[in-house]
Amino acid sequence: MNEQTDIRELNERIRKESAFIDLINMEMQKVIIGQHHLVDSLLIGLLSGGHILLEGLPGLAKTLAIRTLADSIDAGFNRIQFTPDLLPADLIGTMVYSPKSEVFNVKKGPVFTNFVLADEINRSPAKVQSALLEAMQERQVTIGQETFKLDEPFLVLATQNPIEQEGTYPLPEAQVDRFMLKVLIDYPDQEEERLIIRENLQKSFPNASPVIRTDDILRAREVVKDVYMDEKIEKYILDIVFATRYPERFNLERFKPMINYGGSPRASINLATAAKAFAFIKRRGYVIPEDIRAVCYDVMRHRIGLTYEAEAENITSEDILTAILDTVEVP
Amino acid sequence: MTEIKKYGKRLVAVRQGIIAGVSFILLGFSGVISSAQQIDVEASFSRDTVLIGDQLDFTLRVIQPDSLKLNIPVFTDSLTRGVELVRPVRMDTVRKKNHLLEIIHRYRVIVFDTGGTVVLDPVRVGYTYHGMKATLASRPVSLVVKPIPIEPSKGPRDIKQPVKVPFIVYALYFLFWFMILQLVALGIYFLVSHLQKKKRKDRLPEIMRKPAEPPHIFALRELNNLKDARLWQQGRVKEYYTRLTDILRKYLEYRYDIKALEQTSAETLRSLTAVGFNDNRLFEILKEVLETGDLVKFAKYQPQPDVNESMLLNAFVFVNETKESWKKEEESGEKEKIPETDHNGSESEEERDDVKNEAETQEGKEGSDHA
């Protein structure tokens, strides 16, 4: 009885706390046409505190979507264009000598904000990527002898495009693993693109305005943590992650030579967290298998290492995930 | 006078000493000579005449008493200028009669010198006999090296074309047997992989194996078992709904060939629509059971007792109204599927009630038939 009441109570809380989702969606739709999956993924990252890596061809509104999300929230936003000559100090800040006071003062970098858009993250060398990823993981930055906590919510939204790989520095697997989601963005359909043309030909381009505050997000995050996840769902998550590590145990022997390494425990954690956030977006106080399947590709695709055999046979991590989802029994 | 005598005696003694010494030396030499007579050193080439660049063998053969230790030279890179070693020495020792040993050193050499005749110096073998050192040498050997004959009258010639191997019937015979072998190997491979697959299939969990009986028989029997288990009455509501939805999903998988076990409830319903299921009433019944099951399984939902009962009843109705009958052909002995209903939603409410009643009465019957 009590458990049932808890879920009802939770559903009620979620109905109250998730009202801002509609507002954000409305603001996003003012600027972004289509790309519903992208918007949902951004909201999942926002609600679960997970960083997002967006990958798509140029001109698919990656940067615009992130900027619009930041605009619709009354929070700080900085965009950093990653270039080959960028230095860690350009990102996190440095000590600047003041001749007047004859002391070194800390000059904080653009990472000290709520939303960081790391545009084309793979254009900078590893030392800059490491500096950002350290901030992502620890949520703090050390300059000189002093350590500074980053503001909450702190969310890194990085973009990279899959073409023009010459002169880029691909993110190492260990660093990609720190992104909760890797979202692939595809072309809009014909009708959506027609609307995009019309909107861009208007005299004034619409802008998103702030509709919620950071406190609302932090409160919503607490509710997301309370979303109920049954042990059957936990087992389903573990089955999926273990199938990426030991495919032969799930009757998927054919993928064994194609997987170099499977999902880490961080994959299991992120799959559970993202599913909870997705359930919250759908106004549910409990997670169902649909939630797991909805976020599975974005959470897992960058966590499966492929072998040369897989590349030779044009097998992608999405193909492997599809096979896993078609094989692992749903609770 | 006495001094002259003394001097003469001493002279005689000295002469005798000299004679004795010379005799001793001569005796020693005679030993060496007699030993030397038992030692023989012989060097030879396998041919007397070679073309420049040709390879040939050089053999050094030494015969010696087995008690004697000889110092036989070993060549490392060349025998002499223009005669180079192709491979290092190969040694062999043969025991012969009269306590003699034959030691053979064989070299493969190549000749590059076109100077006409190559003369190899005698090969010297050293040895020690009773503390005295001596040397024995082979006879010098010579080799005539000829250059490649040039025939200016014939002019320059093209390089040789690849040799054409004539077709041999024997090769065809070999190819035939090779192909037979390959076919046999392929057959063994397929047999082994088939057996392995069968073994794996046998190991699959119960839920993944397709039953040998018609799906509705299996489903009705399981539903009856579930009813008899009285799970929700004991408070095991979650287990009750898990089994109920699993039975329905298995039934859907085998009846409609959709992957219901690996799909969520919404996906299962979509797949059912995709295979042409268009009975709205039965669709809603199934949807209600699956959704209630999801709520109980994943959201701690505790339905009222009448809901629990009605869900089981709904499951019976769905299975009974969608079942296929499997008719055994007496003549051919093969099973044939005959759809019993077309799912167009034409049944009336009375018919539905009839089916429900029929399900109620059939529960025990089917269960006992196929237990």
# chains A, B, ... in the order shown; residues from 1 in each chain; ligands from 1
>>> interface_residues(of="chain A", to="chain B", cutoff="8 Å", atoms="only C-alpha atoms", output="list in words")
Met1, Glu3, Gln4, Ile7, Tyr228, Met229, Asp230, Lys232, Ile233, Gly285, Tyr286, Val287, Ile288, Pro289, Glu290, Leu325, Asp326, Thr327, Val328, Glu329 and Val330 of chain A
>>> select_by_dssp(residues="stretch 136-173 of chain B", states="strand (DSSP E)", output="short mmCIF file (atom, residue, chain, number, x, y, z; two decimals) with all heavy atoms, in the first residue's frame")
data_model
loop_
_atom_site.label_atom_id
_atom_site.label_comp_id
_atom_site.auth_asym_id
_atom_site.auth_seq_id
_atom_site.Cartn_x
_atom_site.Cartn_y
_atom_site.Cartn_z
N LEU B 136 102.81 -31.87 -41.34
CA LEU B 136 102.67 -32.68 -42.55
C LEU B 136 101.76 -31.92 -43.49
O LEU B 136 100.75 -31.34 -43.05
CB LEU B 136 102.03 -34.03 -42.17
CG LEU B 136 102.31 -35.18 -43.10
CD1 LEU B 136 103.80 -35.54 -43.07
CD2 LEU B 136 101.49 -36.38 -42.65
N ALA B 137 102.12 -31.90 -44.76
CA ALA B 137 101.34 -31.09 -45.72
C ALA B 137 100.77 -31.97 -46.81
O ALA B 137 101.34 -33.02 -47.15
CB ALA B 137 102.22 -30.01 -46.32
N VAL B 141 96.87 -28.58 -54.79
CA VAL B 141 95.85 -28.97 -55.78
C VAL B 141 95.54 -27.77 -56.67
O VAL B 141 95.63 -26.61 -56.24
CB VAL B 141 94.55 -29.47 -55.10
CG1 VAL B 141 94.70 -30.87 -54.61
CG2 VAL B 141 94.11 -28.53 -54.01
N SER B 142 95.19 -28.06 -57.88
CA SER B 142 94.91 -26.97 -58.81
C SER B 142 93.52 -27.14 -59.41
O SER B 142 92.97 -28.25 -59.44
CB SER B 142 95.97 -26.94 -59.90
OG SER B 142 95.91 -28.13 -60.64
N LEU B 143 93.00 -26.04 -59.92
CA LEU B 143 91.66 -26.01 -60.47
C LEU B 143 91.67 -25.09 -61.68
O LEU B 143 92.16 -23.95 -61.59
CB LEU B 143 90.70 -25.48 -59.40
CG LEU B 143 89.23 -25.47 -59.69
CD1 LEU B 143 88.67 -26.88 -59.77
CD2 LEU B 143 88.50 -24.70 -58.58
N VAL B 144 91.13 -25.57 -62.76
CA VAL B 144 91.08 -24.74 -63.97
C VAL B 144 89.73 -24.04 -64.00
O VAL B 144 88.68 -24.70 -63.94
CB VAL B 144 91.28 -25.60 -65.24
CG1 VAL B 144 91.18 -24.73 -66.49
CG2 VAL B 144 92.62 -26.30 -65.18
N VAL B 145 89.75 -22.70 -64.06
CA VAL B 145 88.50 -21.92 -64.07
C VAL B 145 88.34 -21.36 -65.47
O VAL B 145 89.19 -20.64 -65.98
CB VAL B 145 88.55 -20.77 -63.04
CG1 VAL B 145 87.22 -20.04 -63.02
CG2 VAL B 145 88.89 -21.30 -61.67
N LYS B 146 87.17 -21.66 -66.06
CA LYS B 146 86.92 -21.21 -67.42
C LYS B 146 85.91 -20.07 -67.41
O LYS B 146 84.93 -20.13 -66.64
CB LYS B 146 86.36 -22.36 -68.27
CG LYS B 146 87.39 -23.40 -68.63
CD LYS B 146 86.75 -24.44 -69.54
CE LYS B 146 87.79 -25.45 -69.99
NZ LYS B 146 87.17 -26.51 -70.77
#
>>> select_by_dssp(residues="stretch 104-312 of chain B", states="alpha helix (DSSP H)", output="PyMOL selection string")
chain B and resi 169-203+215-229+237-256+265-274+280-299+305-312
>>> write_last_selection(atoms="C-alpha atoms", output="compact mmCIF listing (two decimals), in the first residue's frame")
# COMPACT_ATOMS: atom_id res chain seq x y z
CA VAL B 169 47.09 -36.46 -67.31
CA TYR B 170 48.51 -37.38 -63.95
CA ALA B 171 47.94 -33.78 -62.77
CA LEU B 172 44.25 -34.13 -63.59
CA TYR B 173 44.13 -37.29 -61.57
CA PHE B 174 45.77 -35.50 -58.66
CA LEU B 175 43.34 -32.57 -58.99
CA PHE B 176 40.39 -34.96 -58.93
CA TRP B 177 41.51 -36.52 -55.66
CA PHE B 178 42.31 -33.12 -54.22
CA MET B 179 38.75 -31.96 -54.94
CA ILE B 180 37.33 -35.13 -53.44
CA LEU B 181 39.38 -34.47 -50.31
CA GLN B 182 38.12 -30.91 -50.17
CA LEU B 183 34.52 -32.06 -50.49
CA VAL B 184 35.02 -34.58 -47.71
CA ALA B 185 36.58 -31.87 -45.49
CA LEU B 186 33.67 -29.54 -46.26
CA GLY B 187 31.20 -32.27 -45.42
CA ILE B 188 32.90 -32.93 -42.09
CA TYR B 189 32.91 -29.20 -41.32
CA PHE B 190 29.16 -28.87 -42.00
CA LEU B 191 28.41 -32.00 -40.02
CA VAL B 192 30.39 -30.76 -37.02
CA SER B 193 28.86 -27.28 -37.16
CA HIS B 194 25.38 -28.79 -37.49
CA LEU B 195 25.99 -30.99 -34.46
CA GLN B 196 27.33 -28.05 -32.49
CA LYS B 197 24.31 -25.94 -33.42
CA LYS B 198 22.02 -28.75 -32.38
CA LYS B 199 23.88 -29.11 -29.11
CA ARG B 200 23.61 -25.36 -28.52
CA LYS B 201 19.91 -25.45 -29.31
CA ASP B 202 19.45 -28.23 -26.79
CA ARG B 203 21.17 -26.06 -24.21
CA PRO B 215 0.88 -22.56 -29.19
CA HIS B 216 -2.62 -22.32 -27.77
CA ILE B 217 -2.35 -25.74 -26.11
CA PHE B 218 0.84 -24.64 -24.44
CA ALA B 219 -0.64 -21.24 -23.48
CA LEU B 220 -3.89 -22.64 -22.08
CA ARG B 221 -2.03 -25.25 -20.07
CA GLU B 222 0.29 -22.62 -18.62
CA LEU B 223 -2.64 -20.31 -17.84
CA ASN B 224 -4.36 -23.16 -16.01
CA ASN B 225 -1.20 -23.86 -14.07
CA LEU B 226 -0.99 -20.19 -13.19
CA LYS B 227 -4.56 -20.20 -11.97
CA ASP B 228 -3.92 -23.30 -9.87
CA ALA B 229 -0.79 -21.75 -8.37
CA VAL B 237 1.14 -10.29 -7.37
CA LYS B 238 4.32 -9.34 -9.21
CA GLU B 239 5.19 -12.98 -9.87
CA TYR B 240 1.61 -13.61 -10.98
CA TYR B 241 1.71 -10.84 -13.59
CA THR B 242 5.24 -11.75 -14.70
CA ARG B 243 4.10 -15.29 -15.48
CA LEU B 244 0.84 -14.10 -17.03
CA THR B 245 2.53 -11.69 -19.44
CA ASP B 246 5.32 -14.19 -20.20
CA ILE B 247 2.74 -16.82 -21.22
CA LEU B 248 0.99 -14.33 -23.49
CA ARG B 249 4.25 -13.12 -25.02
CA LYS B 250 5.38 -16.67 -25.68
CA TYR B 251 2.00 -17.44 -27.23
CA LEU B 252 2.27 -14.36 -29.47
CA GLU B 253 5.80 -15.31 -30.48
CA TYR B 254 4.85 -18.80 -31.57
CA ARG B 255 1.39 -17.99 -32.88
CA TYR B 256 2.22 -14.86 -34.90
CA SER B 265 4.72 -4.20 -24.60
CA ALA B 266 4.33 -1.26 -26.97
CA GLU B 267 6.63 -2.86 -29.53
CA THR B 268 4.75 -6.15 -29.27
CA LEU B 269 1.45 -4.43 -29.95
CA ARG B 270 2.99 -2.58 -32.92
CA SER B 271 4.39 -5.86 -34.29
CA LEU B 272 0.99 -7.48 -33.91
CA THR B 273 -0.59 -4.70 -35.97
CA ALA B 274 2.20 -5.04 -38.51
CA ASN B 280 -9.76 -4.14 -32.15
CA ARG B 281 -11.59 -5.80 -29.28
CA LEU B 282 -8.99 -8.51 -28.79
CA PHE B 283 -6.24 -5.95 -29.35
CA GLU B 284 -7.60 -3.84 -26.49
CA ILE B 285 -7.91 -6.91 -24.26
CA LEU B 286 -4.26 -7.80 -24.89
CA LYS B 287 -3.15 -4.20 -24.44
CA GLU B 288 -4.94 -3.99 -21.08
CA VAL B 289 -3.29 -7.17 -19.81
CA LEU B 290 0.20 -6.12 -20.96
CA GLU B 291 -0.10 -2.57 -19.61
CA THR B 292 -1.46 -3.71 -16.27
CA GLY B 293 1.35 -6.24 -16.14
CA ASP B 294 3.92 -3.51 -16.81
CA LEU B 295 2.48 -1.35 -14.05
CA VAL B 296 2.66 -4.23 -11.57
CA LYS B 297 6.13 -5.32 -12.68
CA PHE B 298 7.79 -1.94 -12.94
CA ALA B 299 5.70 0.53 -10.91
CA PRO B 305 -8.49 -8.79 -6.72
CA ASP B 306 -11.21 -8.56 -9.35
CA VAL B 307 -8.69 -6.96 -11.72
CA ASN B 308 -6.29 -9.84 -11.15
CA GLU B 309 -9.02 -12.32 -12.00
CA SER B 310 -10.25 -10.41 -15.00
CA MET B 311 -6.71 -10.20 -16.43
CA LEU B 312 -6.39 -13.98 -16.32
>>> atom_distance(atom1="atom CA of A:Ser124", atom2="atom CA of A:Gln140")
20.9 Å
>>> residues_around(residues="B:Gln55", least_positions_apart="5", cutoff="10 Å", atoms="only C-alpha atoms", output="PyMOL selection string")
chain B and resi 46-47+50+83-86+108-112
>>> write_last_selection(atoms="N, CA and C atoms", output="mmCIF file, in the first residue's frame")
data_model
loop_
_atom_site.group_PDB
_atom_site.id
_atom_site.type_symbol
_atom_site.label_atom_id
_atom_site.label_comp_id
_atom_site.auth_asym_id
_atom_site.auth_seq_id
_atom_site.Cartn_x
_atom_site.Cartn_y
_atom_site.Cartn_z
ATOM 1 N N SER B 46 86.246 -31.577 -56.148
ATOM 2 C CA SER B 46 85.365 -32.582 -56.757
ATOM 3 C C SER B 46 85.491 -32.560 -58.277
ATOM 4 N N ARG B 47 85.949 -31.446 -58.837
ATOM 5 C CA ARG B 47 86.161 -31.365 -60.289
ATOM 6 C C ARG B 47 87.491 -30.664 -60.558
ATOM 7 N N VAL B 50 86.082 -25.899 -63.842
ATOM 8 C CA VAL B 50 84.752 -25.306 -63.553
ATOM 9 C C VAL B 50 84.583 -24.036 -64.358
ATOM 10 N N VAL B 83 88.552 -18.290 -54.372
ATOM 11 C CA VAL B 83 87.785 -19.508 -54.062
ATOM 12 C C VAL B 83 87.128 -19.302 -52.692
ATOM 13 N N GLU B 84 85.832 -18.953 -52.717
ATOM 14 C CA GLU B 84 85.139 -18.588 -51.473
ATOM 15 C C GLU B 84 84.214 -19.704 -51.007
ATOM 16 N N LEU B 85 84.035 -19.725 -49.695
ATOM 17 C CA LEU B 85 83.151 -20.761 -49.131
ATOM 18 C C LEU B 85 81.693 -20.352 -49.312
ATOM 19 N N VAL B 86 80.866 -21.314 -49.689
ATOM 20 C CA VAL B 86 79.418 -21.080 -49.784
ATOM 21 C C VAL B 86 78.760 -21.432 -48.458
ATOM 22 N N ARG B 108 81.794 -26.513 -49.398
ATOM 23 C CA ARG B 108 81.173 -26.153 -50.681
ATOM 24 C C ARG B 108 81.742 -24.785 -51.042
ATOM 25 N N VAL B 109 82.400 -24.718 -52.192
ATOM 26 C CA VAL B 109 83.074 -23.463 -52.567
ATOM 27 C C VAL B 109 82.521 -22.961 -53.884
ATOM 28 N N ILE B 110 82.771 -21.682 -54.123
ATOM 29 C CA ILE B 110 82.379 -21.052 -55.385
ATOM 30 C C ILE B 110 83.603 -20.312 -55.921
ATOM 31 N N VAL B 111 83.750 -20.353 -57.210
ATOM 32 C CA VAL B 111 84.978 -19.799 -57.802
ATOM 33 C C VAL B 111 84.617 -18.556 -58.605
ATOM 34 N N PHE B 112 85.334 -17.487 -58.327
ATOM 35 C CA PHE B 112 85.089 -16.243 -59.045
ATOM 36 C C PHE B 112 86.294 -15.792 -59.867
#
>>> atom_distance(atom1="atom CA of A:Pro88", atom2="atom CA of A:Glu166")
21.9 Å
>>> atom_distance(atom1="atom CA of A:Arg219", atom2="atom CA of A:Ala19")
12.3 Å
>>> decode(residues="stretch 126-140 of chain A", atoms="all heavy atoms", output="PDB file, in the first residue's frame")
ATOM      1  N   ALA A 126      45.432  16.781 -27.352  1.00  0.00           N
ATOM      2  CA  ALA A 126      44.993  16.015 -26.177  1.00  0.00           C
ATOM      3  C   ALA A 126      45.087  16.794 -24.876  1.00  0.00           C
ATOM      4  O   ALA A 126      44.263  16.627 -23.985  1.00  0.00           O
ATOM      5  CB  ALA A 126      45.810  14.734 -26.088  1.00  0.00           C
ATOM      6  N   LYS A 127      46.093  17.681 -24.760  1.00  0.00           N
ATOM      7  CA  LYS A 127      46.271  18.379 -23.474  1.00  0.00           C
ATOM      8  C   LYS A 127      45.076  19.296 -23.182  1.00  0.00           C
ATOM      9  O   LYS A 127      44.664  19.446 -22.023  1.00  0.00           O
ATOM     10  CB  LYS A 127      47.586  19.170 -23.461  1.00  0.00           C
ATOM     11  CG  LYS A 127      47.720  20.203 -24.558  1.00  0.00           C
ATOM     12  CD  LYS A 127      49.088  20.829 -24.558  1.00  0.00           C
ATOM     13  CE  LYS A 127      49.220  21.792 -25.746  1.00  0.00           C
ATOM     14  NZ  LYS A 127      50.547  22.346 -25.886  1.00  0.00           N
ATOM     15  N   VAL A 128      44.506  19.893 -24.229  1.00  0.00           N
ATOM     16  CA  VAL A 128      43.349  20.775 -24.023  1.00  0.00           C
ATOM     17  C   VAL A 128      42.112  19.937 -23.721  1.00  0.00           C
ATOM     18  O   VAL A 128      41.336  20.253 -22.815  1.00  0.00           O
ATOM     19  CB  VAL A 128      43.103  21.660 -25.271  1.00  0.00           C
ATOM     20  CG1 VAL A 128      42.006  22.661 -25.008  1.00  0.00           C
ATOM     21  CG2 VAL A 128      44.374  22.357 -25.681  1.00  0.00           C
ATOM     22  N   GLN A 129      41.979  18.837 -24.478  1.00  0.00           N
ATOM     23  CA  GLN A 129      40.838  17.939 -24.223  1.00  0.00           C
ATOM     24  C   GLN A 129      40.894  17.417 -22.788  1.00  0.00           C
ATOM     25  O   GLN A 129      39.874  17.370 -22.097  1.00  0.00           O
ATOM     26  CB  GLN A 129      40.880  16.755 -25.201  1.00  0.00           C
ATOM     27  CG  GLN A 129      40.642  17.144 -26.639  1.00  0.00           C
ATOM     28  CD  GLN A 129      40.913  15.991 -27.602  1.00  0.00           C
ATOM     29  OE1 GLN A 129      41.313  14.913 -27.199  1.00  0.00           O
ATOM     30  NE2 GLN A 129      40.699  16.249 -28.880  1.00  0.00           N
ATOM     31  N   SER A 130      42.101  17.064 -22.344  1.00  0.00           N
ATOM     32  CA  SER A 130      42.252  16.534 -20.983  1.00  0.00           C
ATOM     33  C   SER A 130      41.848  17.573 -19.953  1.00  0.00           C
ATOM     34  O   SER A 130      41.212  17.245 -18.943  1.00  0.00           O
ATOM     35  CB  SER A 130      43.698  16.124 -20.726  1.00  0.00           C
ATOM     36  OG  SER A 130      44.023  15.079 -21.564  1.00  0.00           O
ATOM     37  N   ALA A 131      42.240  18.824 -20.194  1.00  0.00           N
ATOM     38  CA  ALA A 131      41.915  19.883 -19.242  1.00  0.00           C
ATOM     39  C   ALA A 131      40.404  20.012 -19.089  1.00  0.00           C
ATOM     40  O   ALA A 131      39.884  20.129 -17.972  1.00  0.00           O
ATOM     41  CB  ALA A 131      42.518  21.205 -19.718  1.00  0.00           C
ATOM     42  N   LEU A 132      39.697  19.928 -20.212  1.00  0.00           N
ATOM     43  CA  LEU A 132      38.236  20.054 -20.163  1.00  0.00           C
ATOM     44  C   LEU A 132      37.621  18.816 -19.508  1.00  0.00           C
ATOM     45  O   LEU A 132      36.721  18.919 -18.668  1.00  0.00           O
ATOM     46  CB  LEU A 132      37.681  20.225 -21.580  1.00  0.00           C
ATOM     47  CG  LEU A 132      36.161  20.301 -21.663  1.00  0.00           C
ATOM     48  CD1 LEU A 132      35.648  21.587 -21.030  1.00  0.00           C
ATOM     49  CD2 LEU A 132      35.682  20.229 -23.099  1.00  0.00           C
ATOM     50  N   LEU A 133      38.141  17.654 -19.892  1.00  0.00           N
ATOM     51  CA  LEU A 133      37.547  16.420 -19.387  1.00  0.00           C
ATOM     52  C   LEU A 133      37.786  16.253 -17.888  1.00  0.00           C
ATOM     53  O   LEU A 133      36.972  15.659 -17.196  1.00  0.00           O
ATOM     54  CB  LEU A 133      38.088  15.231 -20.183  1.00  0.00           C
ATOM     55  CG  LEU A 133      37.635  15.264 -21.645  1.00  0.00           C
ATOM     56  CD1 LEU A 133      38.470  14.345 -22.509  1.00  0.00           C
ATOM     57  CD2 LEU A 133      36.177  14.902 -21.764  1.00  0.00           C
ATOM     58  N   GLU A 134      38.884  16.816 -17.402  1.00  0.00           N
ATOM     59  CA  GLU A 134      39.132  16.789 -15.955  1.00  0.00           C
ATOM     60  C   GLU A 134      38.061  17.626 -15.250  1.00  0.00           C
ATOM     61  O   GLU A 134      37.501  17.229 -14.223  1.00  0.00           O
ATOM     62  CB  GLU A 134      40.528  17.342 -15.667  1.00  0.00           C
ATOM     63  CG  GLU A 134      40.931  17.198 -14.217  1.00  0.00           C
ATOM     64  CD  GLU A 134      42.182  17.990 -13.893  1.00  0.00           C
ATOM     65  OE1 GLU A 134      42.874  18.426 -14.821  1.00  0.00           O
ATOM     66  OE2 GLU A 134      42.429  18.191 -12.701  1.00  0.00           O
ATOM     67  N   ALA A 135      37.770  18.783 -15.833  1.00  0.00           N
ATOM     68  CA  ALA A 135      36.732  19.643 -15.261  1.00  0.00           C
ATOM     69  C   ALA A 135      35.376  18.936 -15.302  1.00  0.00           C
ATOM     70  O   ALA A 135      34.582  19.018 -14.362  1.00  0.00           O
ATOM     71  CB  ALA A 135      36.663  20.946 -16.043  1.00  0.00           C
ATOM     72  N   MET A 136      35.136  18.185 -16.394  1.00  0.00           N
ATOM     73  CA  MET A 136      33.869  17.462 -16.532  1.00  0.00           C
ATOM     74  C   MET A 136      33.717  16.407 -15.446  1.00  0.00           C
ATOM     75  O   MET A 136      32.644  16.219 -14.879  1.00  0.00           O
ATOM     76  CB  MET A 136      33.831  16.755 -17.891  1.00  0.00           C
ATOM     77  CG  MET A 136      33.588  17.651 -19.058  1.00  0.00           C
ATOM     78  SD  MET A 136      34.014  16.851 -20.617  1.00  0.00           S
ATOM     79  CE  MET A 136      32.887  15.496 -20.663  1.00  0.00           C
ATOM     80  N   GLN A 137      34.805  15.686 -15.183  1.00  0.00           N
ATOM     81  CA  GLN A 137      34.741  14.572 -14.249  1.00  0.00           C
ATOM     82  C   GLN A 137      34.709  15.060 -12.794  1.00  0.00           C
ATOM     83  O   GLN A 137      33.878  14.639 -12.009  1.00  0.00           O
ATOM     84  CB  GLN A 137      35.953  13.660 -14.467  1.00  0.00           C
ATOM     85  CG  GLN A 137      35.945  12.398 -13.650  1.00  0.00           C
ATOM     86  CD  GLN A 137      34.848  11.441 -14.079  1.00  0.00           C
ATOM     87  OE1 GLN A 137      34.326  11.521 -15.190  1.00  0.00           O
ATOM     88  NE2 GLN A 137      34.463  10.560 -13.181  1.00  0.00           N
ATOM     89  N   GLU A 138      35.646  15.963 -12.479  1.00  0.00           N
ATOM     90  CA  GLU A 138      35.793  16.386 -11.088  1.00  0.00           C
ATOM     91  C   GLU A 138      34.852  17.533 -10.719  1.00  0.00           C
ATOM     92  O   GLU A 138      34.628  17.797  -9.553  1.00  0.00           O
ATOM     93  CB  GLU A 138      37.244  16.838 -10.820  1.00  0.00           C
ATOM     94  CG  GLU A 138      38.317  15.836 -11.234  1.00  0.00           C
ATOM     95  CD  GLU A 138      38.242  14.544 -10.457  1.00  0.00           C
ATOM     96  OE1 GLU A 138      37.804  14.586  -9.308  1.00  0.00           O
ATOM     97  OE2 GLU A 138      38.578  13.495 -11.039  1.00  0.00           O
ATOM     98  N   ARG A 139      34.371  18.249 -11.739  1.00  0.00           N
ATOM     99  CA  ARG A 139      33.547  19.449 -11.542  1.00  0.00           C
ATOM    100  C   ARG A 139      34.272  20.460 -10.683  1.00  0.00           C
ATOM    101  O   ARG A 139      33.696  21.145  -9.830  1.00  0.00           O
ATOM    102  CB  ARG A 139      32.183  19.094 -10.947  1.00  0.00           C
ATOM    103  CG  ARG A 139      31.366  18.303 -11.952  1.00  0.00           C
ATOM    104  CD  ARG A 139      30.059  17.832 -11.436  1.00  0.00           C
ATOM    105  NE  ARG A 139      29.475  16.900 -12.389  1.00  0.00           N
ATOM    106  CZ  ARG A 139      28.652  17.232 -13.372  1.00  0.00           C
ATOM    107  NH1 ARG A 139      28.295  18.476 -13.542  1.00  0.00           N
ATOM    108  NH2 ARG A 139      28.178  16.323 -14.197  1.00  0.00           N
ATOM    109  N   GLN A 140      35.562  20.504 -10.877  1.00  0.00           N
ATOM    110  CA  GLN A 140      36.391  21.506 -10.219  1.00  0.00           C
ATOM    111  C   GLN A 140      37.633  21.738 -11.068  1.00  0.00           C
ATOM    112  O   GLN A 140      38.003  20.886 -11.878  1.00  0.00           O
ATOM    113  CB  GLN A 140      36.776  21.069  -8.807  1.00  0.00           C
ATOM    114  CG  GLN A 140      37.630  19.815  -8.770  1.00  0.00           C
ATOM    115  CD  GLN A 140      37.983  19.411  -7.358  1.00  0.00           C
ATOM    116  OE1 GLN A 140      37.214  19.638  -6.444  1.00  0.00           O
ATOM    117  NE2 GLN A 140      39.149  18.838  -7.186  1.00  0.00           N
TER     118      GLN A 140
END
